[in-house]
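The data block below is work_29.tsv; it holds TSV, C-alpha atoms.
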chain	number	residue	atom	x	y	z
A	1	MET	CA	-126.26	50.04	-18.25
A	2	ALA	CA	-124.24	47.67	-16.18
A	3	LEU	CA	-127.15	46.60	-13.97
A	4	ASP	CA	-129.77	46.06	-16.67
A	5	PHE	CA	-129.87	42.36	-15.87
A	6	LEU	CA	-131.52	43.16	-12.51
A	7	LYS	CA	-134.63	44.54	-14.22
A	8	ILE	CA	-136.75	41.46	-14.81
A	9	GLY	CA	-140.15	41.83	-16.47
A	10	THR	CA	-143.14	39.59	-15.82
A	11	SER	CA	-142.51	37.34	-18.83
A	12	GLU	CA	-138.84	36.97	-17.90
A	13	ASN	CA	-139.83	36.32	-14.27
A	14	PHE	CA	-142.15	33.52	-15.43
A	15	LEU	CA	-139.40	32.11	-17.65
A	16	PHE	CA	-136.93	32.29	-14.76
A	17	THR	CA	-139.20	30.27	-12.44
A	18	GLN	CA	-139.85	27.72	-15.18
A	19	ILE	CA	-136.11	27.33	-15.81
A	20	VAL	CA	-135.46	26.79	-12.10
A	21	LYS	CA	-138.24	24.20	-11.86
A	22	LYS	CA	-137.10	22.42	-15.04
A	23	ASN	CA	-133.44	22.28	-14.00
A	24	PHE	CA	-134.22	21.11	-10.47
A	25	SER	CA	-136.67	18.40	-11.53
A	26	SER	CA	-134.62	17.19	-14.50
A	27	LYS	CA	-131.53	16.68	-12.33
A	28	TYR	CA	-133.23	13.87	-10.42
A	29	LYS	CA	-135.68	12.72	-13.11
A	30	ASP	CA	-133.91	9.47	-14.00
A	31	SER	CA	-132.69	8.77	-10.48
A	32	THR	CA	-134.39	6.04	-8.46
A	33	LEU	CA	-133.86	7.91	-5.20
A	34	GLY	CA	-134.95	11.29	-6.59
A	35	ILE	CA	-134.32	14.34	-4.44
A	36	PHE	CA	-133.19	12.08	-1.57
A	37	TRP	CA	-129.99	11.61	-3.58
A	38	SER	CA	-129.03	15.25	-2.87
A	39	VAL	CA	-128.97	14.32	0.83
A	40	LEU	CA	-127.53	10.84	0.48
A	41	LYS	CA	-124.57	11.71	-1.78
A	42	PRO	CA	-122.87	14.25	0.53
A	43	LEU	CA	-123.71	12.09	3.53
A	44	LEU	CA	-121.99	9.06	2.00
A	45	TYR	CA	-118.95	11.15	1.01
A	46	MET	CA	-118.78	12.53	4.53
A	47	VAL	CA	-118.99	9.12	6.17
A	48	MET	CA	-116.38	7.64	3.83
A	49	MET	CA	-113.89	10.49	4.32
A	50	THR	CA	-114.49	10.63	8.06
A	51	VAL	CA	-113.81	6.92	8.46
A	52	ILE	CA	-110.67	7.12	6.32
A	53	PHE	CA	-109.17	10.31	7.73
A	54	SER	CA	-110.25	9.89	11.34
A	55	THR	CA	-108.05	6.85	11.57
A	56	ILE	CA	-105.08	8.67	9.99
A	57	PHE	CA	-105.46	12.14	11.58
A	58	LYS	CA	-106.77	11.52	15.07
A	59	ARG	CA	-106.26	15.11	16.23
A	60	ILE	CA	-109.02	16.70	14.12
A	61	ASN	CA	-112.18	17.27	16.13
A	62	ASN	CA	-115.43	17.27	14.16
A	63	PHE	CA	-113.80	16.21	10.91
A	64	ALA	CA	-117.24	15.40	9.49
A	65	VAL	CA	-118.32	19.03	9.91
A	66	TYR	CA	-115.13	20.35	8.32
A	67	PHE	CA	-115.41	18.00	5.38
A	68	LEU	CA	-119.11	18.53	4.77
A	69	SER	CA	-118.85	22.32	4.93
A	70	GLY	CA	-116.07	22.30	2.36
A	71	TYR	CA	-117.86	19.76	0.19
A	72	CYS	CA	-121.06	21.85	0.18
A	73	ILE	CA	-119.19	24.89	-1.12
A	74	TYR	CA	-117.20	22.87	-3.66
A	75	ALA	CA	-120.24	20.99	-4.97
A	76	PHE	CA	-122.26	24.22	-5.32
A	77	PHE	CA	-119.45	25.96	-7.20
A	78	VAL	CA	-118.87	23.05	-9.59
A	79	ALA	CA	-122.56	22.41	-10.25
A	80	GLY	CA	-123.40	26.12	-10.62
A	81	THR	CA	-120.63	26.87	-13.08
A	82	THR	CA	-121.26	23.67	-15.05
A	83	ILE	CA	-124.97	24.26	-15.43
A	84	SER	CA	-124.48	27.88	-16.42
A	85	MET	CA	-121.81	26.92	-18.94
A	86	ASN	CA	-124.19	24.47	-20.62
A	87	SER	CA	-127.29	26.65	-20.30
A	88	LEU	CA	-127.21	28.20	-23.76
A	89	LYS	CA	-126.59	24.91	-25.52
A	90	GLY	CA	-129.38	23.20	-23.60
A	91	ASN	CA	-131.91	25.97	-24.27
A	92	LYS	CA	-131.00	26.71	-27.87
A	93	THR	CA	-134.51	26.12	-29.21
A	94	VAL	CA	-136.07	28.54	-26.73
A	95	LEU	CA	-133.51	31.21	-27.58
A	96	GLU	CA	-134.25	30.84	-31.29
A	97	LYS	CA	-138.02	31.20	-30.83
A	98	VAL	CA	-138.34	33.77	-28.06
A	99	HIS	CA	-136.41	37.01	-27.60
A	100	VAL	CA	-135.14	36.92	-24.00
A	101	SER	CA	-131.89	37.77	-22.34
A	102	ARG	CA	-129.34	34.97	-22.41
A	103	TYR	CA	-128.27	35.48	-18.83
A	104	ILE	CA	-131.65	34.27	-17.50
A	105	PHE	CA	-130.78	30.68	-18.42
A	106	ALA	CA	-127.47	30.78	-16.55
A	107	ILE	CA	-128.88	32.46	-13.45
A	108	GLY	CA	-131.88	30.10	-13.48
A	109	GLY	CA	-129.53	27.12	-13.50
A	110	ILE	CA	-127.50	28.59	-10.67
A	111	ALA	CA	-130.70	29.22	-8.69
A	112	SER	CA	-131.71	25.58	-9.09
A	113	GLU	CA	-128.29	24.51	-7.83
A	114	PHE	CA	-128.69	26.93	-4.91
A	115	ILE	CA	-131.73	24.89	-3.85
A	116	ASN	CA	-129.49	21.81	-3.74
A	117	PHE	CA	-126.94	23.83	-1.78
A	118	ILE	CA	-129.60	24.78	0.80
A	119	ILE	CA	-130.49	21.09	1.16
A	120	MET	CA	-126.83	20.28	1.81
A	121	VAL	CA	-126.54	23.14	4.31
A	122	ILE	CA	-129.56	21.78	6.20
A	123	LEU	CA	-127.78	18.41	6.29
A	124	LEU	CA	-124.66	20.19	7.56
A	125	ALA	CA	-126.70	21.85	10.32
A	126	ILE	CA	-128.06	18.46	11.37
A	127	ILE	CA	-124.55	17.00	11.45
A	128	MET	CA	-123.34	20.00	13.47
A	129	PHE	CA	-126.17	19.49	15.95
A	130	VAL	CA	-125.41	15.77	16.28
A	131	THR	CA	-121.67	16.29	16.73
A	132	LYS	CA	-122.25	19.25	19.08
A	133	ALA	CA	-120.15	21.63	16.97
A	134	SER	CA	-120.49	25.37	17.59
A	135	PHE	CA	-123.54	26.24	15.54
A	136	TYR	CA	-124.41	29.85	16.30
A	137	THR	CA	-121.06	31.42	15.45
A	138	THR	CA	-120.86	29.39	12.25
A	139	VAL	CA	-124.27	30.59	11.07
A	140	PHE	CA	-123.48	34.19	12.01
A	141	TYR	CA	-120.12	34.27	10.24
A	142	GLY	CA	-121.25	32.10	7.32
A	143	ILE	CA	-123.93	34.32	5.75
A	144	VAL	CA	-121.63	36.89	4.12
A	145	PRO	CA	-119.29	34.29	2.54
A	146	ILE	CA	-122.31	32.45	1.12
A	147	ILE	CA	-123.58	35.67	-0.48
A	148	ILE	CA	-120.10	36.30	-1.91
A	149	LEU	CA	-120.00	32.70	-3.15
A	150	VAL	CA	-123.34	33.09	-4.95
A	151	PHE	CA	-122.19	36.27	-6.71
A	152	THR	CA	-118.86	34.62	-7.58
A	153	ILE	CA	-120.66	31.66	-9.12
A	154	ILE	CA	-122.95	34.01	-11.07
A	155	GLY	CA	-119.93	35.94	-12.35
A	156	VAL	CA	-117.92	32.88	-13.31
A	157	GLY	CA	-121.02	31.26	-14.78
A	158	LEU	CA	-121.79	34.28	-16.96
A	159	ILE	CA	-118.18	34.39	-18.14
A	160	LEU	CA	-118.25	30.68	-18.98
A	161	GLU	CA	-121.61	31.05	-20.71
A	162	LEU	CA	-120.05	33.17	-23.43
Target format structure tokens, applied to this file:
Amino acid sequence: MALDFLKIGTSENFLFTQIVKKNFSSKYKDSTLGIFWSVLKPLLYMVMMTVIFSTIFKRINNFAVYFLSGYCIYAFFVAGTTISMNSLKGNKTVLEKVHVSRYIFAIGGIASEFINFIIMVILLAIIMFVTKASFYTTVFYGIVPIIILVFTIIGVGLILEL
């Protein structure tokens, strides 16, 4: 069946949560700043680009919000597809010892990157509040594209996993 991957058993559910925890914690394991880096990195990019492009293009209102919203989507897509592409190679020993579906490793990696995406979206909401950008219409119209983005990343990630 085409939708067999949606039927997750208890052992696969446990493995999925362990993969998400492992991927999320290992991303910031060797970093001095830890999880704070997922907030600091987009914030520094935003400040740098806003300073550079606000002096060149003075007609763009709320350039920081525009840049950070695009950067959040770009960073999630790149990180999600990269981690799913490398998921089989990184979990080769588990695949050799335990019989589980291969897709769980890719979707687990994408789920861990989705947590980072949520952190960046919270930062975006704070920036929108500070710059007094229209918040309510953005949240209302942004939910469906985010869902489409997640499914696109899952699809591209599963294709790249092969």
Skip region 34-41 of chain A itself and residues of its chain fewer than 4 positions away, then list as an MDAnalysis selection string all residues within 8 Å of it, counting all atoms listed in the file. chainID A and resid 28:30 45 116 119:120 123
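Taking CA of Leu68 (chain A) and CA of Thr81 (chain A) as the two end points, the separation is 19.8 Å.
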Can you pull out the residues contacting Phe117 (chain A)? Cut-off 8 Å, using only C-alpha atoms, and skip same-chain residues under 5 positions away; I want them as a list in words. Cys72, Ile73, Ala75 and Phe76 of chain A
Measure the distance from CA of Ile147 (chain A) to CA of Ser11 (chain A) in Å and round it to one decimal. 26.4 Å
Just want the 10 Å neighbourhood of Glu161 (chain A), counted on all atoms listed in the file, with same-chain residues fewer than 6 positions away dropped. Output as a ChimeraX atom specification. /A:81-89,102-103,105-106,155
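Using only C-alpha atoms for every distance, the candidate list A:Leu44, A:Val100, A:Ala64, A:Val51 yields A:Ala64 as the residue closest to Met128 (chain A).
Candidate residues A:Val20, A:Ala125, A:Ile146, A:Val65 were compared for distance to Ile110 (chain A), and the nearest is A:Val20, using all atoms listed in the file.
Relative to CA of Tyr74 (chain A), CA of Gly157 (chain A) is found at 14.4 Å.
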Kindly indicate which residue among A:Ile122, A:Ile19, A:Phe140, A:Gly109 lies nearest to Ile154 (chain A), using only C-alpha atoms for the distances. A:Gly109
Enumerate, as number ranges by chain, the protein, DNA and RNA residues whose atoms approach (-138.9, 34.7, -24.9) to within 8 Å, taking into account only C-alpha atoms and the coordinate frame of the file. A: 11-12, 15, 94-95, 97-100
Would you write out those residues with C-alpha atoms, as a PDB file, in the frame of the given file?
ATOM      1  CA  SER A  11    -142.510  37.340 -18.830  1.00  0.00           C
ATOM      2  CA  GLU A  12    -138.840  36.970 -17.900  1.00  0.00           C
ATOM      3  CA  LEU A  15    -139.400  32.110 -17.650  1.00  0.00           C
ATOM      4  CA  VAL A  94    -136.070  28.540 -26.730  1.00  0.00           C
ATOM      5  CA  LEU A  95    -133.510  31.210 -27.580  1.00  0.00           C
ATOM      6  CA  LYS A  97    -138.020  31.200 -30.830  1.00  0.00           C
ATOM      7  CA  VAL A  98    -138.340  33.770 -28.060  1.00  0.00           C
ATOM      8  CA  HIS A  99    -136.410  37.010 -27.600  1.00  0.00           C
ATOM      9  CA  VAL A 100    -135.140  36.920 -24.000  1.00  0.00           C
TER      10      VAL A 100
END
